[in-house]
Amino acid sequence: MSEGNLFDDLFIFEMANSHQGSVEHGIDIVHAMGRIARKYNIKAAVKLQYRNLDTFIHPDYIGRKDVKHVERFLSTRLNYDQFSQIVEAIREEGMITIVTPFDESSVEWCMDQGIDILKIASCSSLDWPLLNAVSATYKPLIISTGGKTLSDIDKIYNFFTHRKIQFAFLHCIAEYPAPMEHLQLDFIDRMNRRYPEVTIGYSGHEDPNDNTIPMLAIAKGARILERHVGLPTETIRLNAYSMNPEQAERWVEAVLNAKNMCQMKKENTKYVSQEEIDSLNSLMRGVYLKHDVKAGTQLTAEDVFFAMPCHERQMSSGEFQEGTVASKDYNKNEELHEKRKISDINLARSVIHDAKGMLYEAGIALGESFEVELSHHYGMQHFRQFGAIIINVINREYCKKLIIVLPGQKHPLHIHKVKEETFQLLYGDLQVEMSDGVHPMKAGDIQTVLRGEKHAFSSLNGAIFEEVSTTHVKNDSYYEDPKISKLDPIERKTYLRKW
């Protein structure tokens, strides 16, 4: 499956039969696409199609014109050596070589030529003899899913996953040209959710002049874009779904613009520019005094009013809370310059909101019956560095908990004398420290901790994992750090019934 390096941000120029059976014309197409790739500094590939026409077409149908595609395939036929010349031209242009083999003999050609990636066409994606031959190569694969149901795609996913093949899926509507109302780009969202470890792309057959569709595909999460391309001449006319070089260049520009518009500007979170902050601050309301106030006065809503502008260092309407203490004398209509006091309640509320957000993003529903435990070994002030959020779901002869570890948080080294527990990571990344070393976990991984076994856990970007254990008994956590061990459990735990 894809690790995100080979397939991500890949542009595929599909030549198909538009080489028109001419090596020279095919190489001209390659040069035209190479110029676009260099101009925009993109990761680009040219894709060819291979068929052993001596066996691919039944001998009784050779020369007949009543079966679709037969005449076109035969009239544009190239042999192994001719295709090899085009492959070499693709490499010389610094692009990736991709071939769609339609039969087992063509797979052998691909291997002999050292093709980088094999492509499975929509019409072949349930052709099990061909899929077996392709999987035996262990080449990276891109699989089009035109005309395939979700159940079909699941079968293909499992077939290649079990064989440990690196592959990507392309959402595709196999109509030529594909009408806008049939494109179903929302299905890209579904595929990204269903196959999170697989790169999902889009293979387009729509009007070559309509670049809103690839931009929408990017916004939906497509990481590979594919289009048919060709080179019109005085005697060669392109079909209704193939792009000429000028259209291909505009397509690349549109896709790059869409990537720039959609791309997160800060890793793992939303970037907020200073310009945006200044713009919003200019519209915010500040806190002003209704009357003269003496230093030491605890302010209530009756003592203040909210109005714009809100100046630098002035308390905003969103920051004000009842009980704010005036640190100096204030005059009527003067702006309030105080800082909101950070309490353990504020800190707890902040981490609870973050934990809820992680559950929402992971798609984990808790139901109504649970208890939340904030485990703050060194106090709430240090909770984001040390601690964990423990959601107690079931505690009978067996016990189930959900543990939420915030980004950068660590749960200190400890043992249990009574219970044995098993962790399964549901979301994010987790590092479990044990006597035999650190065990990095990814979603789905399982780690068992035996009674009396020292363990700690931490996360770089945040984690949610399920703990299944024998019955949980209070005071069964024994910490290595004596500072923690000396604390009464009430001092290092906060329980919530509702959140």
# chains A, B, ... in the order shown; residues from 1 in each chain; ligands from 1
>>> closest_atom_pairs(of="segment 341-442 of chain A", to="segment 192-199 of chain A", cutoff="12 Å", atoms="only C-alpha atoms", output="CSV")
residue,atom,partner,partner_atom,distance
A:Glu361,CA,A:Arg193,CA,11.3
A:Ala362,CA,A:Arg193,CA,10.5
A:Gly363,CA,A:Arg193,CA,10.3
A:Tyr427,CA,A:Pro196,CA,11.5
A:Lys442,CA,A:Glu197,CA,11.2
>>> write_last_selection(atoms="C-alpha atoms", output="short mmCIF file (atom, residue, chain, number, x, y, z; two decimals), in the first residue's frame")
data_model
loop_
_atom_site.label_atom_id
_atom_site.label_comp_id
_atom_site.auth_asym_id
_atom_site.auth_seq_id
_atom_site.Cartn_x
_atom_site.Cartn_y
_atom_site.Cartn_z
CA GLU A 361 -12.16 13.58 14.02
CA ALA A 362 -11.60 9.87 14.72
CA GLY A 363 -15.33 9.16 14.33
CA TYR A 427 -6.32 6.79 16.07
CA LYS A 442 0.04 2.73 14.41
#
>>> residues_around(residues="Val468 of chain A", least_positions_apart="3", cutoff="7 Å", atoms="only C-alpha atoms", output="mmCIF file with N, CA and C atoms, in the first residue's frame")
data_model
loop_
_atom_site.group_PDB
_atom_site.id
_atom_site.type_symbol
_atom_site.label_atom_id
_atom_site.label_comp_id
_atom_site.auth_asym_id
_atom_site.auth_seq_id
_atom_site.Cartn_x
_atom_site.Cartn_y
_atom_site.Cartn_z
ATOM 1 N N CYS A 399 -12.823 -5.146 31.778
ATOM 2 C CA CYS A 399 -12.839 -3.679 31.857
ATOM 3 C C CYS A 399 -12.494 -3.099 30.493
ATOM 4 N N LYS A 400 -13.199 -2.036 30.106
ATOM 5 C CA LYS A 400 -12.882 -1.344 28.857
ATOM 6 C C LYS A 400 -12.765 0.150 29.136
ATOM 7 N N LYS A 401 -11.681 0.725 28.646
ATOM 8 C CA LYS A 401 -11.460 2.162 28.742
ATOM 9 C C LYS A 401 -11.018 2.699 27.382
ATOM 10 N N GLU A 421 -3.535 -5.708 31.080
ATOM 11 C CA GLU A 421 -4.240 -4.861 30.120
ATOM 12 C C GLU A 421 -3.652 -5.020 28.719
ATOM 13 N N THR A 422 -4.524 -4.796 27.723
ATOM 14 C CA THR A 422 -4.117 -4.827 26.318
ATOM 15 C C THR A 422 -4.579 -3.537 25.662
ATOM 16 N N PHE A 423 -3.665 -2.885 24.946
ATOM 17 C CA PHE A 423 -3.965 -1.652 24.231
ATOM 18 C C PHE A 423 -4.172 -1.963 22.747
#
>>> select_by_dssp(residues="segment 174-338 of chain A", states="alpha helix (DSSP H)", output="number ranges by chain")
A: 186-194, 212-219, 245-262, 274-281
>>> residues_around(residues="segment 50-65 of chain A", least_positions_apart="4", cutoff="9 Å", atoms="only C-alpha atoms", output="ChimeraX atom specification")
/A:16,69-71,73-74,77-79,83,99-107,109-110
>>> closest_residue(among="A:Glu480, A:Glu14, A:Asp28, A:Asp488", to="Thr233 of chain A", atoms="only C-alpha atoms")
A:Asp28
>>> residues_around(residues="segment 429-440 of chain A", least_positions_apart="2", cutoff="6 Å", atoms="only C-alpha atoms", output="ChimeraX atom specification")
/A:442,454-459,463
>>> residues_around(residues="segment 258-266 of chain A", least_positions_apart="4", cutoff="8 Å", atoms="only C-alpha atoms", output="VMD selection string")
chain A and resid 215 to 216 218 to 219 254 270 to 271
>>> write_last_selection(atoms="N, CA and C atoms", output="compact mmCIF listing (two decimals), in the first residue's frame")
# COMPACT_ATOMS: atom_id res chain seq x y z
N MET A 215 -10.12 20.69 -10.28
CA MET A 215 -9.95 21.50 -9.08
C MET A 215 -10.84 20.97 -7.95
N LEU A 216 -12.06 20.58 -8.28
CA LEU A 216 -12.96 20.00 -7.28
C LEU A 216 -12.42 18.66 -6.79
N ILE A 218 -9.32 17.79 -6.52
CA ILE A 218 -8.25 18.09 -5.56
C ILE A 218 -8.86 18.48 -4.21
N ALA A 219 -9.90 19.32 -4.25
CA ALA A 219 -10.55 19.73 -3.00
C ALA A 219 -11.16 18.55 -2.27
N ALA A 254 -4.49 24.71 -13.43
CA ALA A 254 -5.69 24.69 -12.59
C ALA A 254 -5.51 23.78 -11.38
N LYS A 270 -4.53 24.64 11.59
CA LYS A 270 -4.87 25.76 10.72
C LYS A 270 -3.90 26.91 10.96
N TYR A 271 -3.39 27.50 9.89
CA TYR A 271 -2.53 28.68 9.97
C TYR A 271 -3.40 29.93 9.98
>>> residues_around(residues="Asp344 of chain A", least_positions_apart="6", cutoff="10 Å", atoms="only C-alpha atoms", output="PyMOL selection string")
chain A and resi 350+379-381
>>> residues_around(residues="segment 39-46 of chain A", least_positions_apart="4", cutoff="9 Å", atoms="only C-alpha atoms", output="PyMOL selection string")
chain A and resi 8-15+30+33-35+87+90+94-99+249+252-253+256
>>> write_last_selection(atoms="N, CA and C atoms", output="JSON list (two decimals), in the first residue's frame")
[["chain", "number", "residue", "atom", "x", "y", "z"],
["A", 8, "ASP", "N", 1.71, 10.30, -4.49],
["A", 8, "ASP", "CA", 1.15, 11.61, -4.14],
["A", 8, "ASP", "C", 1.60, 12.69, -5.11],
["A", 9, "ASP", "N", 0.64, 13.55, -5.48],
["A", 9, "ASP", "CA", 0.89, 14.72, -6.33],
["A", 9, "ASP", "C", 1.42, 14.33, -7.71],
["A", 10, "LEU", "N", 0.89, 13.22, -8.23],
["A", 10, "LEU", "CA", 1.34, 12.71, -9.52],
["A", 10, "LEU", "C", 0.36, 13.11, -10.62],
["A", 11, "PHE", "N", 0.90, 13.67, -11.71],
["A", 11, "PHE", "CA", 0.13, 13.99, -12.91],
["A", 11, "PHE", "C", 0.40, 12.90, -13.94],
["A", 12, "ILE", "N", -0.66, 12.29, -14.46],
["A", 12, "ILE", "CA", -0.49, 11.23, -15.46],
["A", 12, "ILE", "C", -1.05, 11.71, -16.80],
["A", 13, "PHE", "N", -0.17, 11.75, -17.80],
["A", 13, "PHE", "CA", -0.59, 12.05, -19.17],
["A", 13, "PHE", "C", -0.77, 10.72, -19.89],
["A", 14, "GLU", "N", -2.01, 10.37, -20.18],
["A", 14, "GLU", "CA", -2.28, 9.07, -20.80],
["A", 14, "GLU", "C", -2.29, 9.21, -22.32],
["A", 15, "MET", "N", -1.38, 8.47, -22.96],
["A", 15, "MET", "CA", -1.28, 8.56, -24.41],
["A", 15, "MET", "C", -2.30, 7.66, -25.09],
["A", 30, "VAL", "N", 5.33, 12.88, -26.13],
["A", 30, "VAL", "CA", 6.16, 12.81, -24.93],
["A", 30, "VAL", "C", 6.93, 14.12, -24.74],
["A", 33, "MET", "N", 4.63, 16.88, -23.45],
["A", 33, "MET", "CA", 4.29, 16.72, -22.03],
["A", 33, "MET", "C", 5.51, 17.01, -21.15],
["A", 34, "GLY", "N", 6.69, 16.65, -21.65],
["A", 34, "GLY", "CA", 7.92, 16.93, -20.91],
["A", 34, "GLY", "C", 8.13, 18.43, -20.72],
["A", 35, "ARG", "N", 7.82, 19.21, -21.74],
["A", 35, "ARG", "CA", 7.96, 20.67, -21.62],
["A", 35, "ARG", "C", 7.04, 21.21, -20.53],
["A", 87, "VAL", "N", 9.22, 4.53, -24.53],
["A", 87, "VAL", "CA", 9.57, 4.42, -23.10],
["A", 87, "VAL", "C", 10.87, 5.14, -22.82],
["A", 90, "ILE", "N", 10.37, 8.86, -22.74],
["A", 90, "ILE", "CA", 9.76, 9.30, -21.47],
["A", 90, "ILE", "C", 10.83, 9.45, -20.41],
["A", 94, "GLY", "N", 12.71, 12.83, -18.15],
["A", 94, "GLY", "CA", 12.68, 12.87, -16.69],
["A", 94, "GLY", "C", 11.33, 12.55, -16.09],
["A", 95, "MET", "N", 10.49, 11.85, -16.85],
["A", 95, "MET", "CA", 9.15, 11.51, -16.36],
["A", 95, "MET", "C", 9.07, 10.04, -15.99],
["A", 96, "ILE", "N", 8.05, 9.70, -15.24],
["A", 96, "ILE", "CA", 7.82, 8.34, -14.78],
["A", 96, "ILE", "C", 7.15, 7.54, -15.89],
["A", 97, "THR", "N", 7.55, 6.29, -16.05],
["A", 97, "THR", "CA", 6.93, 5.43, -17.06],
["A", 97, "THR", "C", 5.81, 4.61, -16.42],
["A", 98, "ILE", "N", 4.65, 4.65, -17.04],
["A", 98, "ILE", "CA", 3.49, 3.87, -16.59],
["A", 98, "ILE", "C", 2.91, 3.15, -17.81],
["A", 99, "VAL", "N", 2.53, 1.91, -17.63],
["A", 99, "VAL", "CA", 1.89, 1.15, -18.71],
["A", 99, "VAL", "C", 0.66, 0.45, -18.15],
["A", 249, "GLU", "N", -1.68, 22.02, -20.48],
["A", 249, "GLU", "CA", -0.99, 23.01, -19.66],
["A", 249, "GLU", "C", -1.97, 23.77, -18.78],
["A", 252, "VAL", "N", -2.91, 21.53, -15.88],
["A", 252, "VAL", "CA", -1.88, 21.50, -14.84],
["A", 252, "VAL", "C", -1.94, 22.77, -14.00],
["A", 253, "GLU", "N", -2.07, 23.93, -14.65],
["A", 253, "GLU", "CA", -2.16, 25.20, -13.92],
["A", 253, "GLU", "C", -3.34, 25.20, -12.96],
["A", 256, "LEU", "N", -2.63, 22.91, -9.95],
["A", 256, "LEU", "CA", -1.68, 23.51, -9.02],
["A", 256, "LEU", "C", -2.32, 24.65, -8.23]]
>>> select_by_dssp(residues="segment 342-429 of chain A", states="strand (DSSP E or B)", output="ChimeraX atom specification")
/A:371-375,386,388-395,398-405,410-416,421-428
>>> atom_distance(atom1="atom CA of Gly323 of chain A", atom2="atom CA of Glu373 of chain A")
28.1 Å
>>> atom_distance(atom1="atom CA of Ser144 of chain A", atom2="atom CA of Cys172 of chain A")
6.2 Å
>>> atom_distance(atom1="atom CA of Phe465 of chain A", atom2="atom CA of Gly444 of chain A")
9.2 Å
>>> closest_residue(among="A:Leu6, A:Leu450, A:Met111, A:Val304", to="Glu334 of chain A", atoms="only C-alpha atoms")
A:Val304
>>> decode(residues="segment 85-107 of chain A", atoms="N, CA and C atoms", output="PDB file, in the first residue's frame")
ATOM      1  N   GLN A  85      11.142   2.442 -27.730  1.00  0.00           N
ATOM      2  CA  GLN A  85      11.656   3.761 -28.097  1.00  0.00           C
ATOM      3  C   GLN A  85      10.878   4.871 -27.383  1.00  0.00           C
ATOM      4  N   ILE A  86       9.558   4.724 -27.288  1.00  0.00           N
ATOM      5  CA  ILE A  86       8.743   5.732 -26.596  1.00  0.00           C
ATOM      6  C   ILE A  86       9.059   5.729 -25.096  1.00  0.00           C
ATOM      7  N   VAL A  87       9.218   4.529 -24.525  1.00  0.00           N
ATOM      8  CA  VAL A  87       9.567   4.421 -23.102  1.00  0.00           C
ATOM      9  C   VAL A  87      10.875   5.144 -22.823  1.00  0.00           C
ATOM     10  N   GLU A  88      11.856   4.955 -23.693  1.00  0.00           N
ATOM     11  CA  GLU A  88      13.145   5.610 -23.513  1.00  0.00           C
ATOM     12  C   GLU A  88      12.999   7.129 -23.615  1.00  0.00           C
ATOM     13  N   ALA A  89      12.133   7.593 -24.502  1.00  0.00           N
ATOM     14  CA  ALA A  89      11.898   9.039 -24.634  1.00  0.00           C
ATOM     15  C   ALA A  89      11.267   9.611 -23.353  1.00  0.00           C
ATOM     16  N   ILE A  90      10.371   8.860 -22.739  1.00  0.00           N
ATOM     17  CA  ILE A  90       9.760   9.298 -21.473  1.00  0.00           C
ATOM     18  C   ILE A  90      10.832   9.450 -20.408  1.00  0.00           C
ATOM     19  N   ARG A  91      11.716   8.489 -20.329  1.00  0.00           N
ATOM     20  CA  ARG A  91      12.797   8.544 -19.334  1.00  0.00           C
ATOM     21  C   ARG A  91      13.730   9.728 -19.599  1.00  0.00           C
ATOM     22  N   GLU A  92      14.034   9.959 -20.852  1.00  0.00           N
ATOM     23  CA  GLU A  92      14.931  11.068 -21.195  1.00  0.00           C
ATOM     24  C   GLU A  92      14.315  12.413 -20.809  1.00  0.00           C
ATOM     25  N   GLU A  93      12.984  12.486 -20.813  1.00  0.00           N
ATOM     26  CA  GLU A  93      12.302  13.716 -20.402  1.00  0.00           C
ATOM     27  C   GLU A  93      12.188  13.829 -18.876  1.00  0.00           C
ATOM     28  N   GLY A  94      12.711  12.831 -18.149  1.00  0.00           N
ATOM     29  CA  GLY A  94      12.678  12.872 -16.694  1.00  0.00           C
ATOM     30  C   GLY A  94      11.331  12.553 -16.092  1.00  0.00           C
ATOM     31  N   MET A  95      10.491  11.848 -16.851  1.00  0.00           N
ATOM     32  CA  MET A  95       9.154  11.511 -16.358  1.00  0.00           C
ATOM     33  C   MET A  95       9.070  10.036 -15.991  1.00  0.00           C
ATOM     34  N   ILE A  96       8.052   9.703 -15.240  1.00  0.00           N
ATOM     35  CA  ILE A  96       7.818   8.338 -14.784  1.00  0.00           C
ATOM     36  C   ILE A  96       7.146   7.545 -15.891  1.00  0.00           C
ATOM     37  N   THR A  97       7.550   6.292 -16.052  1.00  0.00           N
ATOM     38  CA  THR A  97       6.929   5.433 -17.060  1.00  0.00           C
ATOM     39  C   THR A  97       5.814   4.606 -16.418  1.00  0.00           C
ATOM     40  N   ILE A  98       4.645   4.652 -17.038  1.00  0.00           N
ATOM     41  CA  ILE A  98       3.488   3.871 -16.591  1.00  0.00           C
ATOM     42  C   ILE A  98       2.912   3.154 -17.811  1.00  0.00           C
ATOM     43  N   VAL A  99       2.526   1.911 -17.627  1.00  0.00           N
ATOM     44  CA  VAL A  99       1.890   1.149 -18.706  1.00  0.00           C
ATOM     45  C   VAL A  99       0.658   0.447 -18.154  1.00  0.00           C
ATOM     46  N   THR A 100      -0.404   0.471 -18.959  1.00  0.00           N
ATOM     47  CA  THR A 100      -1.578  -0.359 -18.689  1.00  0.00           C
ATOM     48  C   THR A 100      -1.464  -1.622 -19.524  1.00  0.00           C
ATOM     49  N   PRO A 101      -1.153  -2.773 -18.914  1.00  0.00           N
ATOM     50  CA  PRO A 101      -1.148  -4.027 -19.664  1.00  0.00           C
ATOM     51  C   PRO A 101      -2.556  -4.633 -19.645  1.00  0.00           C
ATOM     52  N   PHE A 102      -3.010  -5.113 -20.784  1.00  0.00           N
ATOM     53  CA  PHE A 102      -4.350  -5.684 -20.857  1.00  0.00           C
ATOM     54  C   PHE A 102      -4.330  -7.208 -20.921  1.00  0.00           C
ATOM     55  N   ASP A 103      -3.133  -7.802 -20.931  1.00  0.00           N
ATOM     56  CA  ASP A 103      -3.029  -9.255 -20.941  1.00  0.00           C
ATOM     57  C   ASP A 103      -1.692  -9.661 -20.334  1.00  0.00           C
ATOM     58  N   GLU A 104      -1.537 -10.952 -20.105  1.00  0.00           N
ATOM     59  CA  GLU A 104      -0.357 -11.441 -19.416  1.00  0.00           C
ATOM     60  C   GLU A 104       0.928 -11.222 -20.210  1.00  0.00           C
ATOM     61  N   SER A 105       0.848 -11.349 -21.542  1.00  0.00           N
ATOM     62  CA  SER A 105       2.042 -11.109 -22.365  1.00  0.00           C
ATOM     63  C   SER A 105       2.532  -9.676 -22.214  1.00  0.00           C
ATOM     64  N   SER A 106       1.590  -8.736 -22.093  1.00  0.00           N
ATOM     65  CA  SER A 106       1.955  -7.326 -21.944  1.00  0.00           C
ATOM     66  C   SER A 106       2.645  -7.069 -20.610  1.00  0.00           C
ATOM     67  N   VAL A 107       2.264  -7.844 -19.583  1.00  0.00           N
ATOM     68  CA  VAL A 107       2.941  -7.722 -18.291  1.00  0.00           C
ATOM     69  C   VAL A 107       4.413  -8.085 -18.452  1.00  0.00           C
TER      70      VAL A 107
END
